[in-house]
Structures are given as C-alpha cells and as structure tokens.
file data21.tsv (TSV, C-alpha atoms)
chain	number	residue	atom	x	y	z
O	1	MET	CA	0.00	0.00	0.00
O	2	THR	CA	1.19	3.54	-0.78
O	3	ILE	CA	1.64	6.49	1.55
O	4	ALA	CA	-1.74	8.16	2.08
O	5	ILE	CA	-2.48	11.71	0.93
O	6	ILE	CA	-5.12	14.29	1.86
O	7	ILE	CA	-5.45	17.52	-0.13
O	8	GLY	CA	-6.83	20.41	1.94
O	9	THR	CA	-7.53	23.88	0.55
O	10	HIS	CA	-9.63	26.99	0.93
O	11	GLY	CA	-12.78	26.98	-1.16
O	12	TRP	CA	-13.43	24.10	-3.57
O	13	VAL	CA	-9.92	23.88	-5.01
O	14	ALA	CA	-8.90	20.55	-3.45
O	15	GLU	CA	-11.30	18.43	-5.48
O	16	GLN	CA	-10.34	20.18	-8.71
O	17	LEU	CA	-6.63	19.67	-8.05
O	18	LEU	CA	-7.21	15.93	-7.69
O	19	LYS	CA	-9.39	15.84	-10.81
O	20	ALA	CA	-6.72	17.69	-12.78
O	21	ALA	CA	-4.03	15.24	-11.68
O	22	GLU	CA	-6.21	12.24	-12.51
O	23	MET	CA	-6.91	13.71	-15.94
O	24	LEU	CA	-3.16	13.55	-16.60
O	25	ILE	CA	-2.10	10.30	-14.89
O	26	GLY	CA	-5.30	8.33	-14.30
O	27	ASP	CA	-7.40	7.41	-11.28
O	28	GLN	CA	-5.64	7.33	-7.91
O	29	GLN	CA	-6.12	5.29	-4.75
O	30	ASN	CA	-5.43	6.05	-1.09
O	31	ILE	CA	-5.97	9.79	-1.56
O	32	GLU	CA	-8.78	12.07	-0.35
O	33	PHE	CA	-9.59	15.77	-0.56
O	34	VAL	CA	-11.19	18.19	1.90
O	35	ASP	CA	-12.58	21.58	0.94
O	36	PHE	CA	-12.87	24.42	3.46
O	37	VAL	CA	-15.92	26.61	2.87
O	38	PRO	CA	-17.38	29.76	4.51
O	39	GLY	CA	-18.97	29.16	7.90
O	40	GLU	CA	-16.55	26.38	8.87
O	41	ASN	CA	-13.64	26.65	11.32
O	42	THR	CA	-10.57	24.69	12.35
O	43	GLU	CA	-12.58	22.30	14.53
O	44	THR	CA	-14.87	21.54	11.58
O	45	LEU	CA	-11.86	20.80	9.40
O	46	ILE	CA	-10.30	18.51	11.98
O	47	GLU	CA	-13.52	16.47	12.00
O	48	LYS	CA	-13.59	16.36	8.18
O	49	TYR	CA	-9.94	15.29	8.08
O	50	GLN	CA	-10.59	12.54	10.64
O	51	GLN	CA	-13.50	11.24	8.58
O	52	LYS	CA	-11.26	11.06	5.50
O	53	ILE	CA	-8.47	9.36	7.44
O	54	GLN	CA	-10.87	6.53	8.29
O	55	LYS	CA	-11.12	5.82	4.54
O	56	LEU	CA	-7.35	5.68	4.03
O	57	ASN	CA	-4.63	3.15	4.73
O	58	THR	CA	-2.11	5.18	6.74
O	59	SER	CA	0.17	2.30	7.75
O	60	LYS	CA	3.04	3.84	5.73
O	61	GLY	CA	2.23	7.40	6.72
O	62	LEU	CA	0.02	10.32	5.73
O	63	ILE	CA	0.89	13.55	3.93
O	64	PHE	CA	-1.40	16.58	3.97
O	65	LEU	CA	-0.98	18.83	0.92
O	66	VAL	CA	-2.39	22.27	1.73
O	67	ASP	CA	-2.43	25.69	0.11
O	68	THR	CA	-1.14	28.26	2.62
O	69	TRP	CA	0.94	28.33	5.79
O	70	GLY	CA	-1.18	29.42	8.77
O	71	GLY	CA	-4.49	28.92	6.96
O	72	SER	CA	-7.26	26.82	8.48
O	73	PRO	CA	-6.49	23.74	6.32
O	74	PHE	CA	-2.89	23.96	7.57
O	75	ASN	CA	-3.89	24.58	11.20
O	76	ALA	CA	-6.26	21.61	11.29
O	77	ALA	CA	-3.69	19.31	9.68
O	78	ASN	CA	-1.02	20.59	12.06
O	79	HIS	CA	-3.23	19.59	14.98
O	80	ILE	CA	-3.39	16.02	13.66
O	81	VAL	CA	0.24	15.48	12.58
O	82	SER	CA	1.66	16.83	15.86
O	83	LYS	CA	0.56	13.60	17.54
O	84	LYS	CA	1.70	11.11	14.90
O	85	ASP	CA	4.93	9.71	13.47
O	86	ASN	CA	5.23	9.66	9.67
O	87	TYR	CA	2.51	12.30	9.35
O	88	ASP	CA	3.45	15.65	7.85
O	89	VAL	CA	2.03	18.78	6.22
O	90	ILE	CA	3.40	20.23	2.97
O	91	VAL	CA	2.39	23.79	2.15
O	92	GLY	CA	2.07	25.25	-1.36
O	93	ILE	CA	0.45	22.43	-3.32
O	94	ASN	CA	0.53	22.79	-7.10
O	95	ILE	CA	-0.15	20.44	-10.01
O	96	PRO	CA	3.52	19.46	-10.68
O	97	MET	CA	3.99	18.61	-7.00
O	98	LEU	CA	0.82	16.55	-6.85
O	99	ILE	CA	1.54	14.59	-10.01
O	100	GLU	CA	5.12	13.83	-8.98
O	101	ILE	CA	4.19	12.68	-5.49
O	102	LEU	CA	1.44	10.43	-6.85
O	103	MET	CA	3.78	8.83	-9.39
O	104	VAL	CA	6.79	8.44	-7.09
O	105	ARG	CA	4.84	6.93	-4.20
O	106	GLU	CA	4.04	3.92	-6.43
O	107	ASP	CA	7.71	2.96	-6.09
O	108	ASN	CA	7.31	2.77	-2.29
O	109	PRO	CA	9.88	5.39	-1.24
O	110	ASN	CA	10.42	6.01	2.45
O	111	PHE	CA	8.34	8.76	4.01
O	112	GLN	CA	11.08	11.40	4.31
O	113	ASP	CA	12.16	10.92	0.69
O	114	LEU	CA	8.62	11.42	-0.59
O	115	VAL	CA	8.26	14.64	1.42
O	116	SER	CA	11.59	15.90	0.04
O	117	ILE	CA	10.61	15.04	-3.55
O	118	ALA	CA	7.27	16.82	-3.17
O	119	ILE	CA	8.88	20.02	-1.94
O	120	LYS	CA	11.61	20.05	-4.59
O	121	THR	CA	9.15	19.35	-7.40
O	122	GLY	CA	6.72	21.98	-6.16
O	123	ARG	CA	9.47	24.60	-6.21
O	124	LYS	CA	10.72	23.58	-9.66
O	125	GLY	CA	7.18	23.74	-10.98
O	126	ILE	CA	6.98	27.49	-10.41
O	127	LYS	CA	8.42	29.19	-13.48
O	128	ALA	CA	7.97	32.30	-15.59
O	129	LEU	CA	7.91	32.10	-19.37
O	130	LYS	CA	9.98	35.24	-20.02
O	131	THR	CA	11.36	36.60	-16.75
O	132	GLN	CA	14.72	35.16	-15.74
O	133	LEU	CA	15.48	33.93	-12.22
O	134	ASP	CA	18.14	36.61	-11.72
O	135	ASP	CA	15.45	39.23	-12.16
O	136	LEU	CA	13.25	37.55	-9.56
O	137	ASN	CA	16.03	37.52	-6.98
O	138	ASN	CA	15.88	41.30	-6.77
O	139	ILE	CA	12.16	41.38	-6.00
O	140	SER	CA	11.09	41.65	-2.36
O	141	LEU	CA	8.50	39.06	-1.37
O	142	TYR	CA	6.69	41.46	0.94
O	143	THR	CA	6.12	45.20	0.73
O	144	ASN	CA	5.63	46.41	4.27
O	145	LYS	CA	4.12	49.83	3.69
O	146	PRO	CA	4.06	51.76	6.98
O	147	ILE	CA	0.56	51.88	8.35
O	148	CYS	CA	-1.12	55.28	8.19
O	149	LYS	CA	-1.55	56.91	11.58
O	150	GLU	CA	-5.27	57.35	11.09
O	151	GLU	CA	-5.63	53.57	10.67
O	152	ILE	CA	-4.40	52.96	14.24
O	153	LYS	CA	-7.04	53.15	16.93
O	154	PRO	CA	-5.84	55.89	19.31
O	155	GLY	CA	-4.76	54.86	22.77
O	156	LEU	CA	-3.27	56.61	25.75
O	157	LEU	CA	0.37	57.72	25.75
O	158	ASN	CA	1.66	54.58	27.50
O	159	ASN	CA	-0.66	52.06	25.83
O	160	MET	CA	-0.12	49.82	22.83
O	161	LYS	CA	-1.45	50.99	19.47
O	162	ILE	CA	-4.37	48.80	18.37
O	163	ALA	CA	-4.47	48.41	14.60
O	164	LEU	CA	-7.25	45.81	14.51
O	165	VAL	CA	-9.67	44.12	16.90
O	166	ARG	CA	-11.22	41.08	15.25
O	167	ILE	CA	-13.69	38.36	16.21
O	168	ASP	CA	-12.77	35.14	14.43
O	169	ASP	CA	-13.13	31.72	16.03
O	170	ARG	CA	-10.41	30.41	13.69
O	171	LEU	CA	-8.04	32.93	15.32
O	172	ILE	CA	-4.73	32.92	13.38
O	173	HIS	CA	-5.42	31.54	9.91
O	174	GLY	CA	-5.06	32.42	6.23
O	175	GLN	CA	-7.08	35.64	6.20
O	176	ILE	CA	-4.98	36.90	9.11
O	177	THR	CA	-1.57	35.82	7.81
O	178	MET	CA	-2.12	36.61	4.12
O	179	ASP	CA	-4.19	39.80	4.38
O	180	TRP	CA	-4.79	41.54	7.69
O	181	ALA	CA	-1.26	41.19	9.10
O	182	LYS	CA	0.16	42.82	5.96
O	183	LYS	CA	-2.57	45.45	5.75
O	184	THR	CA	-2.12	46.59	9.36
O	185	ASN	CA	1.66	46.04	9.55
O	186	VAL	CA	1.34	44.84	13.14
O	187	THR	CA	4.29	43.85	15.30
O	188	ARG	CA	2.27	41.63	17.65
O	189	ILE	CA	-0.80	39.42	17.41
O	190	ILE	CA	-2.50	38.79	20.74
O	191	VAL	CA	-5.12	36.06	21.03
O	192	VAL	CA	-7.42	36.79	23.96
O	193	ASN	CA	-9.36	33.74	25.13
O	194	ASN	CA	-9.60	32.06	28.52
O	195	GLU	CA	-10.00	28.52	27.17
O	196	VAL	CA	-7.28	28.64	24.52
O	197	SER	CA	-4.82	30.24	26.95
O	198	GLN	CA	-5.03	27.05	29.06
O	199	ASP	CA	-4.49	24.71	26.11
O	200	ASN	CA	-0.76	24.31	25.50
O	201	VAL	CA	-1.23	22.37	22.25
O	202	ARG	CA	-3.49	25.02	20.70
O	203	LYS	CA	-1.14	27.76	21.89
O	204	MET	CA	1.78	26.03	20.18
O	205	LEU	CA	-0.19	25.54	16.95
O	206	LEU	CA	-1.27	29.20	16.88
O	207	GLN	CA	2.29	30.39	17.41
O	208	GLN	CA	3.48	28.12	14.59
O	209	SER	CA	0.86	29.76	12.32
O	210	THR	CA	2.06	33.31	13.04
O	211	PRO	CA	3.68	35.10	10.07
O	212	PRO	CA	7.49	35.54	10.21
O	213	GLY	CA	8.62	38.73	11.92
O	214	ILE	CA	5.48	39.06	14.06
O	215	MET	CA	5.35	38.09	17.73
O	216	SER	CA	2.28	36.25	18.98
O	217	HIS	CA	0.81	35.61	22.41
O	218	VAL	CA	-2.18	33.72	23.77
O	219	ILE	CA	-3.55	35.19	27.00
O	220	ASN	CA	-6.72	35.25	29.09
O	221	VAL	CA	-9.15	38.16	29.32
O	222	ASP	CA	-7.89	39.49	32.65
O	223	LYS	CA	-4.27	39.51	31.50
O	224	MET	CA	-5.25	41.64	28.50
O	225	ALA	CA	-6.11	44.51	30.84
O	226	ARG	CA	-2.73	44.23	32.57
O	227	ILE	CA	-0.85	44.21	29.27
O	228	TRP	CA	-2.84	47.22	28.08
O	229	ASN	CA	-1.58	49.18	31.09
O	230	ASN	CA	2.04	48.03	30.67
O	231	PRO	CA	4.17	50.86	29.18
O	232	ASN	CA	6.64	48.30	27.79
O	233	TYR	CA	4.15	47.71	24.95
O	234	SER	CA	3.57	51.40	24.17
O	235	GLN	CA	5.52	51.26	20.90
O	236	ASP	CA	3.82	48.11	19.61
O	237	ILE	CA	1.25	48.00	16.83
O	238	VAL	CA	-1.08	45.20	17.84
O	239	MET	CA	-3.83	43.01	16.45
O	240	LEU	CA	-6.25	41.62	19.05
O	241	LEU	CA	-8.07	38.39	18.16
O	242	PHE	CA	-11.17	37.21	20.01
O	243	THR	CA	-13.64	34.38	19.44
O	244	ASN	CA	-16.72	36.20	20.74
O	245	PRO	CA	-18.05	39.69	21.57
O	246	THR	CA	-18.54	38.95	25.26
O	247	ASP	CA	-14.79	38.80	25.86
O	248	ILE	CA	-14.36	42.12	24.06
O	249	LEU	CA	-17.00	43.67	26.29
O	250	ASN	CA	-15.14	42.33	29.33
O	251	VAL	CA	-11.79	43.85	28.34
O	252	ILE	CA	-13.46	47.18	27.58
O	253	THR	CA	-15.05	47.10	31.04
O	254	GLN	CA	-11.53	46.66	32.43
O	255	GLY	CA	-10.32	49.79	30.66
O	256	VAL	CA	-8.97	48.66	27.27
O	257	ASN	CA	-9.67	51.38	24.68
O	258	ILE	CA	-11.43	49.71	21.73
O	259	GLN	CA	-13.33	51.83	19.22
O	260	SER	CA	-13.95	49.43	16.35
O	261	VAL	CA	-14.48	45.67	16.03
O	262	ASN	CA	-14.14	43.67	12.83
O	263	ILE	CA	-16.16	40.45	12.71
O	264	GLY	CA	-14.49	37.96	10.40
O	265	GLY	CA	-15.87	34.57	11.31
O	266	MET	CA	-18.23	33.07	13.87
O	267	SER	CA	-19.06	29.54	12.79
O	268	PHE	CA	-22.53	28.04	12.84
O	269	LYS	CA	-23.37	25.74	15.74
O	270	LYS	CA	-26.52	24.47	17.43
O	271	GLU	CA	-28.67	27.28	18.84
O	272	LYS	CA	-26.91	29.86	16.67
O	273	ILE	CA	-28.57	31.94	13.98
O	274	ARG	CA	-26.78	32.66	10.73
O	275	VAL	CA	-26.63	36.40	9.92
O	276	SER	CA	-24.15	36.10	7.01
O	277	ASP	CA	-22.25	33.35	5.22
O	278	ALA	CA	-19.43	33.52	7.77
O	279	VAL	CA	-21.12	34.85	10.93
O	280	SER	CA	-23.60	33.08	13.23
O	281	VAL	CA	-24.72	34.34	16.64
O	282	ASP	CA	-26.56	33.14	19.72
O	283	GLN	CA	-28.48	35.15	22.29
O	284	GLN	CA	-25.38	35.85	24.39
O	285	ASP	CA	-23.55	37.16	21.32
O	286	ILE	CA	-26.51	39.36	20.39
O	287	LEU	CA	-26.68	40.85	23.88
O	288	ALA	CA	-22.94	41.59	23.86
O	289	PHE	CA	-23.11	43.15	20.40
O	290	LYS	CA	-25.99	45.35	21.52
O	291	LYS	CA	-24.01	46.57	24.54
O	292	LEU	CA	-20.98	47.28	22.34
O	293	HIS	CA	-23.23	49.15	19.91
O	294	ASP	CA	-24.63	51.22	22.79
O	295	LEU	CA	-21.03	52.22	23.58
O	296	ASN	CA	-20.76	53.66	20.04
O	297	ILE	CA	-18.24	51.01	19.02
O	298	GLU	CA	-18.15	50.28	15.29
O	299	LEU	CA	-19.18	46.69	14.60
O	300	GLU	CA	-18.45	45.69	11.00
O	301	ILE	CA	-18.30	42.40	9.12
O	302	ARG	CA	-15.43	41.86	6.70
O	303	LYS	CA	-13.62	38.61	5.99
O	304	VAL	CA	-10.74	40.37	4.24
O	305	SER	CA	-9.68	44.00	4.22
O	306	SER	CA	-10.93	44.68	0.68
O	307	ASP	CA	-14.50	43.63	1.49
O	308	GLN	CA	-17.15	46.29	1.89
O	309	LYS	CA	-18.04	46.91	5.52
O	310	ILE	CA	-21.39	45.51	6.64
O	311	LYS	CA	-22.87	46.66	9.94
O	312	ILE	CA	-23.71	43.57	11.95
O	313	MET	CA	-26.43	45.38	13.92
O	314	ASP	CA	-28.30	46.03	10.68
O	315	LEU	CA	-28.35	42.29	10.01
O	316	ILE	CA	-29.40	41.46	13.56
O	317	ASP	CA	-32.18	44.07	13.48
O	318	LYS	CA	-33.60	42.51	10.31
O	319	LEU	CA	-33.95	39.17	12.09
O	320	ASN	CA	-36.05	40.74	14.88
O	321	ILE	CA	-34.24	38.66	17.50
O	322	ILE	CA	-33.09	41.38	19.91

call {"tool": "encode", "arguments": {"input": "data21.tsv", "output": "structure tokens"}}
result
Amino acid sequence: MTIAIIIGTHGWVAEQLLKAAEMLIGDQQNIEFVDFVPGENTETLIEKYQQKIQKLNTSKGLIFLVDTWGGSPFNAANHIVSKKDNYDVIVGINIPMLIEILMVREDNPNFQDLVSIAIKTGRKGIKALKTQLDDLNNISLYTNKPICKEEIKPGLLNNMKIALVRIDDRLIHGQITMDWAKKTNVTRIIVVNNEVSQDNVRKMLLQQSTPPGIMSHVINVDKMARIWNNPNYSQDIVMLLFTNPTDILNVITQGVNIQSVNIGGMSFKKEKIRVSDAVSVDQQDILAFKKLHDLNIELEIRKVSSDQKIKIMDLIDKLNII
C-alpha cells in the first residue's frame, strides 16, 4: 500500500486539483480531498480530516498537501500530525507537486524521501515564461508599507497601538496571515481567550501559524487589561483576536480602549442563527453586540480588508431577535 495523501484547501480547489491530476495520470487510490468553505472553522476541518483518514490506509504514513501556511487547512492538519509519526504537512500544493508525489509513491519510497521530492518538485514547478530567475532575486516578497496613523485606533500615551480588533473563532489563519497582518503592519498578534490560553497544544499551533517577523501571544481576558496598562508595549502596533463579543466587552469594562471591532468569522453551531455566510450568533452574542453598539463602538463584518463593511447590527435588526 502507498503512503496516504489528503489535499486540503480553501474553497473548492482541493477536489479540482485531484481531478486535474487524474486527468493527466489516471485514477488514484489512497488519496482524499477536503474543501474548506465559509462558515466552517478549524474544529470543523479537523472532523472532516478525521473522517477522511478513516477511509485511508495510513500504515506507511500520511501527507497533507495544503495551500497556505497558517491557513485553516494547515492549522487543522497541524493539529493532527503533531501527535503522529510519519505524518506531515506540505504547504504550497501545485499540479507538478501533486503529479510527482502520486507517481513516485508507487515505487514505495520512504516517508522522508517522498516529502523531500514533493517540496523540490513543487518549487521547480513554479516558473515564468519570459522573466529570468536573476530578475526575480531582486524582488522583495513582501512590501511592508508603513501603516497610516489614522488607521491605528488611538490609545493613551503609555498604551499599545491597536491596529485591529477582530472576532474570528479560527483565530490565526489564512485571512490573518495573508491579508490583515500585511494590511495593518502589526508587530504583535495577541489572542485573547480564557479557554485557549489554558491549552498548550493550541497555543503552540497558533504560534506556529504566526507570520514571520510578528510576535504572537495567547492570554486570558484578565491579562489583557494588565498588558494594556504596561508601558513596555507602548511602541507596539497590535492586532487583538477574540472568538466572541462577550470577551471584548469584558476587556473594555476593564479599561482597554477599543473603538472598532471587525467580525471575520463566527461559525454556525446548534442554537446559533446565521446572519451572514461567515457569521452566526446566539443570544449571548446578540446581547454583547448590543451593549458594544450602545457604547458607540463600530461593529463591522469583513472577511478580508478589501470587502465592503457591513454593519452587523443592521443584520441582527432585520432578524427581529433582539
């Protein structure tokens, strides 16, 4: 039996990648795909991965092929492979990588060799028709444009500068690493959640997902107030990540100066009501949002920075559930 493979991507790309490969080299066995769609979170993906694993023969190992480092497909796979030998995650899947790994695994290579071949082939498969490699070497991968002062939420003289406060139960994932971190040019990402702060495995996985050059921390709600008042952080540009509006209300009550909240993702669960494709709320969430609204705090839904702002209270009002 061959080494097992799961393809995991944002949107519906995973299935199409497998179909494209099979168009070129024929039907494949011991391989599954998992798509990640709006309204799902890392926990959902872990469950979907586990269901696929039950269909595979993993006696020789399992390789996850995912699209982006720090995205939800990566984070969910990372959670699984951290507990297993001969399980790994390869980031940056493309067609040349997938075809090569499917063909080479038929020769029963050892696990480490197959991982190495996949990475080397994936890199070689990225080419430009006309531009030479020497030209590419002079291009910076990231353009860190200094954030405009008016984009930073004003704080007191000795407080950190808050560039973004976001509710997203996926916490650090692709939209954060690929879009918001670059847009805000933050120096720190702080996850504020009582439960996650007590989970050493989740803390480790979140820190592994943090973009290079940015510090990350996972703390509880009460500690957030203490850090806010610590002058050692006064020069930091910070992104605060929460999973729910109640925790934001609690830190505001303790003196943290928050003027705007971006809602990026609150997954659907039992007893929650869907207000958009990526945001679902329960009665406790609604009550907290109403209190934040009464404090004149901006509450806007955007998955990525280029989306048009949608006022969440307008959506809640339309449902007549307050």

call {"tool": "atom_distance", "arguments": {"input": "data21.tsv", "atom1": "CA of Thr131 in chain O", "atom2": "CA of Pro96 in chain O"}}
result
19.8 Å

call {"tool": "atom_distance", "arguments": {"input": "data21.tsv", "atom1": "CA of Pro109 in chain O", "atom2": "CA of Leu56 in chain O"}}
result
18.0 Å

call {"tool": "closest_atom_pairs", "arguments": {"input": "data21.tsv", "of": "range 24-47 of chain O", "to": "range 5-12 of chain O", "cutoff": "10 Å", "atoms": "all atoms listed in the file", "output": "Markdown table"}}
result
| residue | atom | partner | partner_atom | distance |
| --- | --- | --- | --- | --- |
| O:Gln29 | CA | O:Ile5 | CA | 9.3 |
| O:Asn30 | CA | O:Ile5 | CA | 6.7 |
| O:Ile31 | CA | O:Ile5 | CA | 4.7 |
| O:Glu32 | CA | O:Ile6 | CA | 4.8 |
| O:Phe33 | CA | O:Ile7 | CA | 4.5 |
| O:Val34 | CA | O:Gly8 | CA | 4.9 |
| O:Asp35 | CA | O:Trp12 | CA | 5.2 |
| O:Phe36 | CA | O:His10 | CA | 4.8 |
| O:Val37 | CA | O:Gly11 | CA | 5.1 |
| O:Pro38 | CA | O:Gly11 | CA | 7.8 |
| O:Leu45 | CA | O:Gly8 | CA | 9.0 |

call {"tool": "residues_near_point", "arguments": {"input": "data21.tsv", "point": "(1.8, 3.5, 0.7)", "cutoff": "8 Å", "atoms": "all atoms listed in the file", "output": "MDAnalysis selection string"}}
result
chainID O and resid 1:4 30 57:61 105:106 108

call {"tool": "atom_distance", "arguments": {"input": "data21.tsv", "atom1": "CA of Ile93 in chain O", "atom2": "CA of Gly122 in chain O"}}
result
6.9 Å

call {"tool": "residues_around", "arguments": {"input": "data21.tsv", "residues": "Ile312 in chain O", "least_positions_apart": "6", "cutoff": "9 Å", "atoms": "all atoms listed in the file", "output": "ChimeraX atom specification"}}
result
/O:263,275-276,289,299-301

call {"tool": "closest_residue", "arguments": {"input": "data21.tsv", "among": "O:Ile189, O:Val13, O:Val281, O:Ile90", "to": "Leu171 in chain O", "atoms": "only C-alpha atoms"}}
result
O:Ile189

call {"tool": "closest_atom_pairs", "arguments": {"input": "data21.tsv", "of": "range 38-135 of chain O", "to": "range 197-211 of chain O", "cutoff": "8 Å", "atoms": "all atoms listed in the file", "output": "CSV"}}
result
residue,atom,partner,partner_atom,distance
O:Trp69,CA,O:Ser209,CA,6.7
O:Gly70,CA,O:Ser209,CA,4.1
O:Gly71,CA,O:Ser209,CA,7.6
O:Asn75,CA,O:Leu205,CA,6.9
O:Asn78,CA,O:Leu205,CA,7.0
O:His79,CA,O:Leu205,CA,7.0

call {"tool": "closest_residue", "arguments": {"input": "data21.tsv", "among": "O:Asp282, O:Glu22, O:Asp27, O:Asp247", "to": "Phe268 in chain O", "atoms": "all atoms listed in the file"}}
result
O:Asp282

call {"tool": "closest_residue", "arguments": {"input": "data21.tsv", "among": "O:Asn185, O:Ala128, O:Ala21, O:Gly174", "to": "Met103 in chain O", "atoms": "all atoms listed in the file"}}
result
O:Ala21

call {"tool": "residues_near_point", "arguments": {"input": "data21.tsv", "point": "(-2.2, 12.5, 11.2)", "cutoff": "10 Å", "atoms": "only C-alpha atoms", "output": "short mmCIF file (atom, residue, chain, number, x, y, z; two decimals) with C-alpha atoms, keeping the file's coordinate frame"}}
result
data_model
loop_
_atom_site.label_atom_id
_atom_site.label_comp_id
_atom_site.auth_asym_id
_atom_site.auth_seq_id
_atom_site.Cartn_x
_atom_site.Cartn_y
_atom_site.Cartn_z
CA ILE O 6 -5.12 14.29 1.86
CA TYR O 49 -9.94 15.29 8.08
CA GLN O 50 -10.59 12.54 10.64
CA ILE O 53 -8.47 9.36 7.44
CA THR O 58 -2.11 5.18 6.74
CA GLY O 61 2.23 7.40 6.72
CA LEU O 62 0.02 10.32 5.73
CA ILE O 63 0.89 13.55 3.93
CA PHE O 64 -1.40 16.58 3.97
CA ALA O 76 -6.26 21.61 11.29
CA ALA O 77 -3.69 19.31 9.68
CA ASN O 78 -1.02 20.59 12.06
CA HIS O 79 -3.23 19.59 14.98
CA ILE O 80 -3.39 16.02 13.66
CA VAL O 81 0.24 15.48 12.58
CA SER O 82 1.66 16.83 15.86
CA LYS O 83 0.56 13.60 17.54
CA LYS O 84 1.70 11.11 14.90
CA ASP O 85 4.93 9.71 13.47
CA ASN O 86 5.23 9.66 9.67
CA TYR O 87 2.51 12.30 9.35
CA ASP O 88 3.45 15.65 7.85
CA VAL O 89 2.03 18.78 6.22
#

call {"tool": "axis_aligned_box", "arguments": {"input": "data21.tsv", "around": "range 192-197 of chain O", "padding_each_side": "4 Å", "output": "JSON"}}
result
{"center_x": -7.4, "center_y": 32.7, "center_z": 26.2, "size_x": 13.2, "size_y": 16.3, "size_z": 12.6}

call {"tool": "closest_residue", "arguments": {"input": "data21.tsv", "among": "O:Thr187, O:Gln283, O:Asn230, O:Asn94", "to": "Asn158 in chain O", "atoms": "all atoms listed in the file"}}
result
O:Asn230

call {"tool": "residues_around", "arguments": {"input": "data21.tsv", "residues": "Val91 in chain O", "least_positions_apart": "5", "cutoff": "7 Å", "atoms": "all atoms listed in the file", "output": "list of chain:residue names"}}
result
O:Leu65, O:Val66, O:Asp67, O:Thr68, O:Trp69

call {"tool": "closest_residue", "arguments": {"input": "data21.tsv", "among": "O:Glu100, O:Asp169, O:Asp285, O:Asp307", "to": "Arg123 in chain O", "atoms": "only C-alpha atoms"}}
result
O:Glu100

call {"tool": "closest_residue", "arguments": {"input": "data21.tsv", "among": "O:Val186, O:Ile248, O:Leu287, O:Val191", "to": "Met160 in chain O", "atoms": "only C-alpha atoms"}}
result
O:Val186
